[in-house]
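To be precise, the following lines are model09.tsv, and they hold TSV, C-alpha atoms.
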chain	number	residue	atom	x	y	z
A	293	MET	CA	-2.49	28.70	-17.39
A	294	THR	CA	-0.80	25.32	-17.68
A	295	GLU	CA	-0.74	23.72	-21.10
A	296	PHE	CA	-1.38	20.04	-21.71
A	297	PRO	CA	2.04	18.44	-22.30
A	298	THR	CA	3.30	17.46	-25.72
A	299	LEU	CA	5.18	14.32	-26.67
A	300	LYS	CA	8.84	14.35	-27.68
A	301	THR	CA	7.76	14.78	-31.28
A	302	GLY	CA	5.92	17.96	-30.34
A	303	ALA	CA	2.58	16.30	-31.01
A	304	VAL	CA	-0.25	16.32	-28.48
A	305	ALA	CA	-2.03	13.25	-29.76
A	306	GLN	CA	-1.70	10.24	-32.00
A	307	TYR	CA	-4.15	8.64	-34.39
A	308	PRO	CA	-6.87	7.65	-33.74
A	309	LEU	CA	-8.06	10.84	-32.06
A	310	GLN	CA	-11.70	11.21	-31.15
A	311	ARG	CA	-13.33	14.60	-30.67
A	312	THR	CA	-16.90	14.90	-29.47
A	313	SER	CA	-19.10	17.99	-29.62
A	314	ILE	CA	-21.81	18.00	-26.98
A	315	TYR	CA	-25.10	19.88	-27.24
A	316	SER	CA	-27.95	19.80	-24.74
A	317	THR	CA	-31.43	20.30	-26.13
A	318	GLU	CA	-34.69	20.28	-24.19
A	319	ILE	CA	-37.64	19.06	-26.24
A	320	VAL	CA	-41.26	19.52	-25.19
A	321	GLN	CA	-43.68	17.45	-27.28
A	322	PHE	CA	-47.30	18.53	-27.37
A	323	LEU	CA	-50.45	16.43	-27.78
A	324	ASP	CA	-50.76	17.34	-31.45
A	325	GLY	CA	-47.28	16.01	-32.11
A	326	SER	CA	-45.61	19.36	-32.46
A	327	GLU	CA	-42.45	20.13	-30.57
A	328	GLN	CA	-40.84	23.07	-28.89
A	329	ARG	CA	-37.08	22.87	-28.61
A	330	PHE	CA	-34.59	25.04	-26.81
A	331	PRO	CA	-30.92	24.72	-26.03
A	332	ASN	CA	-29.62	24.44	-22.49
A	333	PHE	CA	-26.43	26.06	-23.67
A	334	GLY	CA	-25.60	27.99	-26.77
A	335	THR	CA	-22.19	26.70	-27.80
A	336	PRO	CA	-21.22	23.07	-27.77
A	337	LEU	CA	-18.83	21.60	-25.26
A	338	ARG	CA	-15.94	19.59	-26.63
A	339	ARG	CA	-14.41	16.40	-25.39
A	340	TRP	CA	-11.33	14.61	-26.72
A	341	LEU	CA	-10.31	11.00	-26.28
A	342	ILE	CA	-6.55	10.81	-26.71
A	343	ARG	CA	-5.13	7.33	-27.15
A	344	LEU	CA	-1.36	7.23	-26.90
A	345	ASP	CA	0.76	4.23	-27.77
A	346	GLN	CA	4.46	3.43	-28.18
A	347	LEU	CA	5.46	6.06	-25.63
A	348	ASP	CA	8.78	5.83	-23.89
A	349	GLU	CA	8.99	5.93	-20.11
A	350	THR	CA	9.84	9.65	-20.03
A	351	GLU	CA	6.76	10.62	-22.02
A	352	ALA	CA	4.51	8.29	-20.04
A	353	ALA	CA	5.85	9.63	-16.74
A	354	GLU	CA	5.23	13.21	-17.86
A	355	LEU	CA	1.58	12.42	-18.55
A	356	ALA	CA	1.19	10.46	-15.30
A	357	GLN	CA	2.66	13.40	-13.42
A	358	PHE	CA	0.28	15.73	-15.28
A	359	PHE	CA	-2.64	13.65	-13.97
A	360	GLU	CA	-1.20	13.97	-10.45
A	361	ASP	CA	-0.81	17.73	-10.81
A	362	HIS	CA	-4.13	18.21	-12.60
A	363	PRO	CA	-6.77	15.88	-11.15
A	364	PRO	CA	-10.25	16.22	-12.66
A	365	ASN	CA	-11.14	19.32	-10.63
A	366	ALA	CA	-8.11	21.28	-11.95
A	367	THR	CA	-8.03	23.21	-15.19
A	368	PHE	CA	-5.51	23.72	-17.96
A	369	ALA	CA	-5.34	24.94	-21.55
A	370	PHE	CA	-5.65	22.44	-24.36
A	371	THR	CA	-4.98	23.06	-28.04
A	372	ASP	CA	-7.22	20.98	-30.26
A	373	PRO	CA	-4.82	19.06	-32.50
A	374	LEU	CA	-7.48	18.86	-35.23
A	375	ASP	CA	-7.88	22.60	-35.81
A	376	GLY	CA	-5.33	24.36	-33.61
A	377	THR	CA	-7.93	26.13	-31.46
A	378	THR	CA	-6.80	26.63	-27.87
A	379	TYR	CA	-9.42	25.98	-25.22
A	380	ALA	CA	-8.31	27.79	-22.08
A	381	ASN	CA	-10.55	26.01	-19.60
A	382	CYS	CA	-10.28	22.22	-19.82
A	383	SER	CA	-10.08	19.35	-17.35
A	384	ILE	CA	-9.26	15.69	-17.39
A	385	ASP	CA	-12.61	13.87	-17.53
A	386	GLN	CA	-11.70	10.59	-15.90
A	387	ASN	CA	-11.11	9.55	-12.32
A	388	GLU	CA	-8.75	6.72	-13.21
A	389	PHE	CA	-5.50	6.92	-15.13
A	390	ASP	CA	-4.28	3.59	-16.50
A	391	LEU	CA	-0.70	3.22	-17.68
A	392	THR	CA	0.31	-0.01	-19.39
A	393	LEU	CA	3.96	-0.88	-19.97
A	394	ASP	CA	4.04	-3.57	-22.65
A	395	ALA	CA	7.81	-3.56	-23.05
A	396	GLU	CA	10.74	-1.21	-22.73
A	397	ALA	CA	9.84	2.15	-24.28
A	398	ARG	CA	6.38	0.84	-25.20
A	399	ALA	CA	3.84	2.40	-22.89
A	400	SER	CA	0.23	3.11	-23.70
A	401	LEU	CA	-2.50	5.15	-22.04
A	402	ASP	CA	-5.81	6.92	-22.72
A	403	ILE	CA	-6.76	10.41	-21.57
A	404	VAL	CA	-10.17	12.04	-21.83
A	405	ILE	CA	-10.14	15.85	-21.84
A	406	ARG	CA	-13.26	17.94	-21.53
A	407	GLU	CA	-13.85	21.61	-22.13
A	408	ASN	CA	-15.40	23.35	-19.13
A	409	ARG	CA	-18.05	26.01	-19.35
A	410	PRO	CA	-16.31	29.28	-18.31
B	289	MET	CA	6.15	-2.77	8.30
B	290	ASN	CA	8.08	-6.05	8.20
B	291	LEU	CA	7.05	-7.45	4.85
B	292	VAL	CA	8.71	-6.26	1.64
B	293	TYR	CA	7.52	-7.29	-1.80
B	294	PRO	CA	10.47	-9.28	-3.17
B	295	GLN	CA	12.73	-8.78	-6.15
B	296	LEU	CA	13.20	-11.76	-8.42
B	297	SER	CA	16.57	-13.46	-8.76
B	298	SER	CA	17.25	-11.26	-11.81
B	299	GLY	CA	16.89	-8.13	-9.66
B	300	ALA	CA	13.64	-7.21	-11.41
B	301	LEU	CA	10.41	-6.57	-9.55
B	302	ALA	CA	8.09	-7.28	-12.43
B	303	HIS	CA	7.80	-8.63	-15.93
B	304	PHE	CA	6.25	-6.88	-18.90
B	305	PRO	CA	3.43	-6.14	-19.30
B	306	VAL	CA	2.86	-4.05	-16.17
B	307	MET	CA	-0.32	-2.12	-15.65
B	308	LYS	CA	-0.49	0.76	-13.18
B	309	ARG	CA	-3.72	2.51	-12.30
B	310	ARG	CA	-3.97	5.82	-10.48
B	311	ALA	CA	-7.48	6.50	-9.22
B	312	VAL	CA	-8.98	9.55	-7.57
B	313	ARG	CA	-12.56	10.30	-6.56
B	314	VAL	CA	-14.25	13.49	-7.63
B	315	ALA	CA	-17.70	14.61	-6.53
B	316	ALA	CA	-19.36	16.37	-9.45
B	317	ASN	CA	-22.40	18.61	-9.65
B	318	GLU	CA	-23.33	19.23	-13.29
B	319	LEU	CA	-25.56	22.21	-13.95
B	320	GLY	CA	-28.04	22.82	-16.76
B	321	ASP	CA	-25.80	25.16	-18.69
B	322	GLY	CA	-23.11	22.52	-18.94
B	323	SER	CA	-20.90	23.95	-16.22
B	324	ARG	CA	-19.71	21.72	-13.43
B	325	VAL	CA	-18.71	22.13	-9.81
B	326	LEU	CA	-16.08	19.55	-8.86
B	327	TRP	CA	-14.60	18.56	-5.54
B	328	LEU	CA	-11.60	16.29	-5.22
B	329	ASP	CA	-12.02	13.76	-2.42
B	330	SER	CA	-8.33	13.65	-1.63
B	331	GLY	CA	-8.55	10.99	1.07
B	332	VAL	CA	-9.74	8.28	-1.30
B	333	ASP	CA	-7.05	8.26	-3.98
B	334	ARG	CA	-5.27	5.00	-4.58
B	335	THR	CA	-2.77	3.33	-6.86
B	336	ALA	CA	-3.00	-0.23	-8.15
B	337	TRP	CA	-0.77	-2.50	-10.17
B	338	ILE	CA	-1.35	-5.68	-12.14
B	339	LEU	CA	1.85	-7.70	-12.39
B	340	ARG	CA	1.84	-10.57	-14.87
B	341	TYR	CA	4.81	-12.88	-14.61
B	342	SER	CA	5.66	-15.51	-17.18
B	343	GLY	CA	8.63	-17.79	-17.67
B	344	LEU	CA	9.30	-17.70	-13.95
B	345	SER	CA	11.82	-20.16	-12.61
B	346	ASP	CA	10.67	-22.52	-9.87
B	347	GLN	CA	12.78	-20.57	-7.37
B	348	ASP	CA	11.30	-17.19	-8.30
B	349	CYS	CA	7.82	-18.67	-8.34
B	350	LYS	CA	8.37	-20.05	-4.84
B	351	THR	CA	9.62	-16.63	-3.70
B	352	LEU	CA	6.36	-15.01	-4.83
B	353	ALA	CA	4.18	-17.81	-3.48
B	354	ASP	CA	5.92	-17.73	-0.11
B	355	PHE	CA	5.50	-13.98	0.02
B	356	PHE	CA	1.80	-14.31	-0.78
B	357	ASP	CA	1.52	-16.76	2.10
B	358	ALA	CA	3.38	-14.38	4.41
B	359	ALA	CA	0.99	-11.59	3.49
B	360	ALA	CA	-1.98	-13.99	3.80
B	361	GLY	CA	-3.66	-12.63	0.69
B	362	ARG	CA	-5.29	-9.26	1.30
B	363	LEU	CA	-4.73	-9.40	5.06
B	364	ARG	CA	-1.32	-7.88	5.67
B	365	THR	CA	0.28	-4.67	4.49
B	366	PHE	CA	3.74	-4.71	2.94
B	367	ALA	CA	6.24	-2.29	1.49
B	368	PHE	CA	5.94	-2.21	-2.28
B	369	ILE	CA	8.55	-0.63	-4.51
B	370	ASP	CA	6.87	0.56	-7.69
B	371	PRO	CA	8.58	-1.27	-10.58
B	372	THR	CA	7.50	1.45	-13.03
B	373	ALA	CA	8.73	4.41	-11.01
B	374	ASN	CA	11.64	6.64	-10.38
B	375	LEU	CA	11.87	6.06	-6.64
B	376	LEU	CA	13.06	9.58	-5.83
B	377	ALA	CA	10.61	12.36	-5.04
B	378	TRP	CA	11.04	15.77	-6.71
B	379	SER	CA	13.71	14.40	-9.02
B	380	PHE	CA	14.24	17.81	-10.64
B	381	ASP	CA	14.01	20.11	-7.61
B	382	PRO	CA	16.69	19.86	-4.89
B	383	SER	CA	15.11	22.74	-2.99
B	384	LYS	CA	12.38	20.42	-1.72
B	385	SER	CA	12.60	19.14	1.82
B	386	CYS	CA	13.04	15.51	0.75
B	387	TRP	CA	16.60	16.40	-0.35
B	388	ASN	CA	19.38	16.75	2.16
B	389	VAL	CA	21.92	19.27	0.89
B	390	ASP	CA	25.27	19.72	2.63
B	391	PRO	CA	25.84	23.34	3.69
B	392	MET	CA	28.70	24.23	1.36
B	393	LEU	CA	26.93	23.21	-1.82
B	394	GLN	CA	25.72	26.05	-4.00
B	395	ILE	CA	22.77	25.05	-6.14
B	396	SER	CA	21.28	27.04	-8.99
B	397	ALA	CA	19.56	26.54	-12.32
B	398	GLY	CA	21.83	25.32	-15.09
B	399	SER	CA	21.53	25.00	-18.85
B	400	GLN	CA	18.69	23.27	-20.69
B	401	ALA	CA	18.42	19.65	-19.57
B	402	PRO	CA	19.13	17.07	-22.30
B	403	VAL	CA	16.19	14.92	-21.15
B	404	GLY	CA	12.90	15.96	-19.66
B	405	PRO	CA	11.57	19.51	-19.49
B	406	GLY	CA	13.22	22.46	-17.80
B	407	SER	CA	16.78	23.22	-16.87
B	408	ALA	CA	19.52	21.16	-15.30
B	409	ILE	CA	20.78	21.70	-11.76
B	410	ARG	CA	24.16	23.43	-11.34
B	411	ILE	CA	25.99	22.29	-8.20
B	412	ILE	CA	29.19	23.87	-6.91
B	413	ASN	CA	31.06	22.60	-3.88
B	414	ALA	CA	32.41	25.77	-2.29
B	415	GLY	CA	33.70	23.91	0.76
B	416	GLN	CA	37.03	22.41	1.80
B	417	ALA	CA	35.71	18.86	2.05
B	418	ALA	CA	33.56	16.56	-0.03
B	419	GLN	CA	29.89	17.55	0.05
B	420	ARG	CA	26.78	15.65	-0.95
B	421	ILE	CA	23.18	16.05	-1.88
B	422	SER	CA	21.11	13.04	-0.92
B	423	GLN	CA	17.66	11.59	-0.50
B	424	THR	CA	16.67	8.85	1.92
B	425	LEU	CA	14.10	6.27	0.93
B	426	ALA	CA	12.12	4.04	3.27
B	427	ALA	CA	13.07	1.09	1.08
B	428	PRO	CA	14.97	-2.14	1.64
B	429	GLY	CA	18.73	-1.78	1.80
B	430	TRP	CA	19.34	-5.19	0.25
B	431	PHE	CA	17.54	-4.54	-3.04
B	432	TRP	CA	19.33	-4.12	-6.33
B	433	TYR	CA	19.09	-0.46	-7.34
B	434	SER	CA	20.15	1.42	-10.41
B	435	PHE	CA	21.06	5.00	-9.51
B	436	SER	CA	21.55	7.25	-12.54
B	437	LEU	CA	21.79	10.85	-13.62
B	438	TYR	CA	22.98	12.95	-16.52
B	439	ALA	CA	25.99	15.15	-15.83
B	440	ARG	CA	28.37	17.54	-17.53
B	441	ALA	CA	31.11	19.90	-16.39
B	442	ASP	CA	33.25	22.57	-18.06
B	443	SER	CA	36.39	20.66	-17.06
B	444	PRO	CA	36.63	16.96	-16.16
B	445	THR	CA	35.09	16.59	-12.72
B	446	THR	CA	34.63	13.56	-10.48
B	447	VAL	CA	31.05	12.80	-9.51
B	448	ARG	CA	30.48	9.99	-7.02
B	449	LEU	CA	27.16	8.18	-6.89
B	450	ALA	CA	26.90	6.82	-3.37
B	451	ARG	CA	24.42	4.71	-1.47
B	452	SER	CA	24.35	3.77	2.16
B	453	ALA	CA	22.17	1.80	4.50
B	454	SER	CA	22.73	0.99	8.13
B	455	GLY	CA	26.14	-0.66	8.35
B	456	ALA	CA	26.93	-0.67	4.63
B	457	SER	CA	27.85	1.86	1.98
B	458	ALA	CA	29.29	1.98	-1.50
B	459	SER	CA	30.08	4.59	-4.09
B	460	ILE	CA	31.05	4.61	-7.72
B	461	ALA	CA	33.11	7.47	-9.15
B	462	HIS	CA	32.51	8.83	-12.64
B	463	VAL	CA	34.15	11.68	-14.48
B	464	ALA	CA	31.81	14.23	-16.02
B	465	GLY	CA	33.10	15.92	-19.14
B	466	ALA	CA	31.97	18.73	-21.40
B	467	ALA	CA	29.22	16.66	-23.04
B	468	TRP	CA	26.14	15.34	-21.31
B	469	ASN	CA	26.58	11.73	-20.30
B	470	ARG	CA	24.47	9.38	-18.26
B	471	LEU	CA	26.29	8.17	-15.16
B	472	VAL	CA	25.00	4.92	-13.68
B	473	ALA	CA	25.72	3.08	-10.45
B	474	SER	CA	24.00	-0.30	-10.32
B	475	ALA	CA	24.66	-2.50	-7.32
B	476	THR	CA	23.35	-4.11	-4.17
B	477	LEU	CA	24.39	-3.43	-0.60
B	478	ASN	CA	25.12	-6.11	1.93
B	479	SER	CA	22.59	-4.76	4.38
B	480	ALA	CA	19.47	-6.09	6.03
B	481	ALA	CA	18.37	-2.62	7.05
B	482	PHE	CA	15.17	-0.96	5.90
B	483	GLY	CA	16.06	2.53	4.73
B	484	ILE	CA	18.62	3.52	2.14
B	485	ASP	CA	20.28	6.80	1.24
B	486	PHE	CA	21.26	7.83	-2.30
B	487	ALA	CA	23.76	10.66	-2.65
B	488	ILE	CA	25.65	12.68	-5.26
B	489	GLU	CA	29.05	13.56	-3.83
B	490	LEU	CA	31.42	16.23	-5.13
B	491	ASP	CA	35.02	17.00	-4.23
B	492	PRO	CA	36.01	20.48	-2.99
B	493	GLY	CA	35.86	23.03	-5.77
B	494	ALA	CA	33.92	20.79	-8.11
B	495	ALA	CA	31.25	22.32	-10.33
B	496	VAL	CA	28.86	20.19	-12.35
B	497	GLU	CA	25.48	20.31	-13.96
B	498	VAL	CA	23.19	17.36	-13.33
B	499	CYS	CA	19.68	16.41	-14.30
B	500	ALA	CA	17.39	13.38	-14.67
B	501	ILE	CA	18.29	11.99	-11.26
B	502	GLN	CA	16.71	8.57	-10.97
B	503	VAL	CA	16.71	5.50	-8.76
B	504	GLU	CA	15.04	2.29	-9.90
B	505	ALA	CA	14.76	-1.02	-8.12
B	506	GLN	CA	16.28	-3.02	-10.97
B	507	PRO	CA	19.76	-3.70	-12.33
B	508	ASN	CA	19.56	-1.44	-15.38
B	509	SER	CA	18.32	2.08	-15.84
B	510	SER	CA	15.33	2.87	-18.00
B	511	ALA	CA	14.41	6.21	-19.53
B	512	TYR	CA	14.17	9.08	-17.08
B	513	LYS	CA	10.88	9.63	-15.29
B	514	ARG	CA	10.32	13.04	-13.72
B	515	THR	CA	8.61	12.89	-10.33
B	516	GLY	CA	6.67	15.10	-7.96
B	517	GLN	CA	6.06	14.69	-4.26
B	518	GLN	CA	5.23	10.99	-4.42
B	519	ASN	CA	8.24	8.75	-4.37
B	520	GLY	CA	8.12	5.15	-5.53
B	521	VAL	CA	7.69	3.45	-2.16
B	522	TYR	CA	4.18	2.49	-1.08
B	523	ALA	CA	2.40	0.78	1.78
B	524	ALA	CA	0.39	-1.77	-0.15
B	525	ARG	CA	-1.52	-5.03	0.06
B	526	PHE	CA	-2.60	-7.71	-2.34
B	527	ASP	CA	-5.96	-7.14	-3.99
B	528	GLN	CA	-6.73	-10.85	-4.14
B	529	ASP	CA	-7.09	-13.69	-1.69
B	530	GLU	CA	-6.18	-16.40	-4.18
B	531	ILE	CA	-2.93	-16.97	-6.02
B	532	GLU	CA	-3.05	-19.10	-9.15
B	533	ILE	CA	0.26	-20.53	-10.26
B	534	ASN	CA	0.48	-22.14	-13.67
B	535	ALA	CA	3.31	-24.56	-14.35
B	536	ASP	CA	3.75	-24.14	-18.09
B	537	GLY	CA	6.78	-26.41	-18.37
B	538	PRO	CA	9.94	-27.41	-16.58
B	539	ASP	CA	11.13	-24.37	-14.61
B	540	GLN	CA	8.55	-22.27	-16.49
B	541	ASN	CA	5.76	-20.82	-14.40
B	542	SER	CA	3.34	-17.96	-14.73
B	543	VAL	CA	1.35	-16.01	-12.16
B	544	SER	CA	-0.62	-12.78	-12.07
B	545	LEU	CA	-0.79	-10.58	-8.98
B	546	ARG	CA	-2.89	-7.52	-8.18
B	547	ILE	CA	-1.54	-5.03	-5.68
B	548	VAL	CA	-3.19	-1.91	-4.33
B	549	THR	CA	-2.07	0.83	-1.97
B	550	ALA	CA	-3.26	0.24	1.56
B	551	ARG	CA	-4.87	2.96	3.62
B	552	GLY	CA	-5.13	3.30	7.36
B	553	ASP	CA	-2.04	1.35	8.33

What do you get writing this file as structure tokens?
Amino acid sequence: MTEFPTLKTGAVAQYPLQRTSIYSTEIVQFLDGSEQRFPNFGTPLRRWLIRLDQLDETEAAELAQFFEDHPPNATFAFTDPLDGTTYANCSIDQNEFDLTLDAEARASLDIVIRENRP
Amino acid sequence: MNLVYPQLSSGALAHFPVMKRRAVRVAANELGDGSRVLWLDSGVDRTAWILRYSGLSDQDCKTLADFFDAAAGRLRTFAFIDPTANLLAWSFDPSKSCWNVDPMLQISAGSQAPVGPGSAIRIINAGQAAQRISQTLAAPGWFWYSFSLYARADSPTTVRLARSASGASASIAHVAGAAWNRLVASATLNSAAFGIDFAIELDPGAAVEVCAIQVEAQPNSSAYKRTGQQNGVYAARFDQDEIEINADGPDQNSVSLRIVTARGD
């Protein structure tokens, strides 16, 4: 399984890093005000928003090439930089990949990664 | 395709900041348990650029404005050389069909590359004459290109970085030593042809390791960018029918242009 690439420093992400845990709960509310709740899935799905800044051209090109090689319907392994857990089945969760070159060796980009249900 | 997006008088194609967008379309069916079924609609992918120029001389501004007129806004397709890209395809893999390898060259994996992931490429010329490995780009022969690679050899070895277009050619010889060094050949060719060939040429018996092979349409080399099957030459069009030129001062102009890959041409 392909791993999400690391930067030259060995890091996967920079601050600020956003991680979202997604639950899906069905709620049925009765006439007396009471509720019945049940989960659509037992374990949460995770999503990460990785904002990268001050990248050099080599690092930016690696990530752009990763998007080419792994469009949103492809899967790869991603290690959560917050707790070190490896999620074996993840995808890029965006259809557009924007790369901004502000100056020499100063590229920035955002990537959204989502855990897939096995 | 007759139109070619022009280089400025400096040899640059763009000013900072440059924005490049790669877009694909994916049909998604999300199920109740959170799983998804995804299909990539591969015929609809596109690439777009936003080029913001500032401090443009009157001459460079006229070049861009005249080109916009020639393209008639969004109407006509032109050849666009990606200013952010390494123009070569498969920059790390000479076994791909985009590379032309002379028959007496022996190519194998070398030591760890000093830039980028993976190993370098070991090339040995086992022939009795100079041999080359080359890639041809459907790009203008008259542009300014910076052709670069990292090289090393166990003993001092001549590596020639050559380029040729119809009716014109040039090469620059470098000597690769025991340490990794970046070899650069930056020049223009006196050619009006569309189509240019970039080659690494070795003398008989030469053995070198190379990596980070890169061609950029600009006078100086930037950091290495590893590539896959897409090279840096696109059929594109403007994504706007209006061009707004701001004269900020004497010989100081600014303009912003949106370009998108064209389909169906």

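Rounded to one decimal, atom CA of A:Asp372 and atom CA of B:Asp321 lie 22.3 Å from each other.
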
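Nearest to B:Cys386 of all the residues B:Asp539, B:Asp485, B:Glu530, B:Asp491 is B:Asp485, counting only C-alpha atoms.
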
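Proximity of B:Met307, B:Leu319, B:Leu437, B:Leu291 to chain A, computed with only C-alpha atoms, is greatest for B:Met307.
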
_Should the cut-off be 8 Å, what would the residue list for chain A against chain B look like, counting only C-alpha atoms, as a VMD selection string?_
chain A and resid 332 to 333 337 348 to 351 353 to 354 357 363 to 365 387 to 397 408 to 410

Expected file contents, prior selection, C-alpha atoms, as a tab-separated table (two decimals), in the frame of the given file:
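Okay, this is what ended up in again_2.tsv:
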chain	number	residue	atom	x	y	z
A	332	ASN	CA	-29.62	24.44	-22.49
A	333	PHE	CA	-26.43	26.06	-23.67
A	337	LEU	CA	-18.83	21.60	-25.26
A	348	ASP	CA	8.78	5.83	-23.89
A	349	GLU	CA	8.99	5.93	-20.11
A	350	THR	CA	9.84	9.65	-20.03
A	351	GLU	CA	6.76	10.62	-22.02
A	353	ALA	CA	5.85	9.63	-16.74
A	354	GLU	CA	5.23	13.21	-17.86
A	357	GLN	CA	2.66	13.40	-13.42
A	363	PRO	CA	-6.77	15.88	-11.15
A	364	PRO	CA	-10.25	16.22	-12.66
A	365	ASN	CA	-11.14	19.32	-10.63
A	387	ASN	CA	-11.11	9.55	-12.32
A	388	GLU	CA	-8.75	6.72	-13.21
A	389	PHE	CA	-5.50	6.92	-15.13
A	390	ASP	CA	-4.28	3.59	-16.50
A	391	LEU	CA	-0.70	3.22	-17.68
A	392	THR	CA	0.31	-0.01	-19.39
A	393	LEU	CA	3.96	-0.88	-19.97
A	394	ASP	CA	4.04	-3.57	-22.65
A	395	ALA	CA	7.81	-3.56	-23.05
A	396	GLU	CA	10.74	-1.21	-22.73
A	397	ALA	CA	9.84	2.15	-24.28
A	408	ASN	CA	-15.40	23.35	-19.13
A	409	ARG	CA	-18.05	26.01	-19.35
A	410	PRO	CA	-16.31	29.28	-18.31

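Here atom CA of B:Ser436 and atom CA of A:Ala356 stand 20.8 Å from one another.
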
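The neighbours of A:Ala366 here are the residues that come within 9 Å of it, using all atoms listed in the file and leaving out any residue fewer than 6 positions away in the same chain; they are A:Cys382, A:Ser383, A:Ile384, B:Leu326.
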
*Residues within 9 Å of A:Pro331, all atoms listed in the file, excluding chain neighbours under 3 positions, as number ranges by chain*: A: 315-319, 334; B: 321

Same residues, C-alpha atoms, saved as an mmCIF file, in the coordinates of the input:
data_model
loop_
_atom_site.group_PDB
_atom_site.id
_atom_site.type_symbol
_atom_site.label_atom_id
_atom_site.label_comp_id
_atom_site.auth_asym_id
_atom_site.auth_seq_id
_atom_site.Cartn_x
_atom_site.Cartn_y
_atom_site.Cartn_z
ATOM 1 C CA TYR A 315 -25.100 19.880 -27.240
ATOM 2 C CA SER A 316 -27.950 19.800 -24.740
ATOM 3 C CA THR A 317 -31.430 20.300 -26.130
ATOM 4 C CA GLU A 318 -34.690 20.280 -24.190
ATOM 5 C CA ILE A 319 -37.640 19.060 -26.240
ATOM 6 C CA GLY A 334 -25.600 27.990 -26.770
ATOM 7 C CA ASP B 321 -25.800 25.160 -18.690
#

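Comparing A:Gln328, A:Arg338, A:Ile403, A:Leu355 by their smallest distance to A:Asn381, the closest is A:Arg338 (using all atoms listed in the file).
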
*Using only C-alpha atoms, determine which residues lie at most 10 Å from B:Val389, disregarding the query and same-chain residues fewer than 5 positions distant; provide the list as a PyMOL selection string.*
chain B and resi 382-384+394-395+419-423+487-488

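Atom to atom, atom CA of B:Arg440 and atom CA of B:Arg470 stand 9.1 Å apart.
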
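Of the residues under consideration (A:Gln386, A:Leu347, A:Asp324, A:Leu374), A:Leu347 shows the shortest atom-to-atom contact distance to A:Thr301 when counting all atoms listed in the file.
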
_Give me the residues near A:Leu309 as a PyMOL selection string, where near means some atom within 9 Å (using only C-alpha atoms) and where sequence neighbours in that chain fewer than 2 positions away do not count._
chain A and resi 305-307+311+340-343+373-374

*Skipping near chain neighbours, those fewer than 3 positions away, what residues fall within 12 Å of B:Ala360 using only C-alpha atoms, listed as a list in words?*
Leu291, Ala353, Asp354, Phe355, Phe356, Asp357, Leu363, Arg364, Thr365, Phe366, Arg525, Phe526, Asp527, Gln528, Asp529, Glu530 and Ile531 of chain B

*Quick one: of B:Ala495, B:Gln502, B:Pro444, B:Phe435, who's nearest to B:Ser474, counting only C-alpha atoms?*
B:Phe435
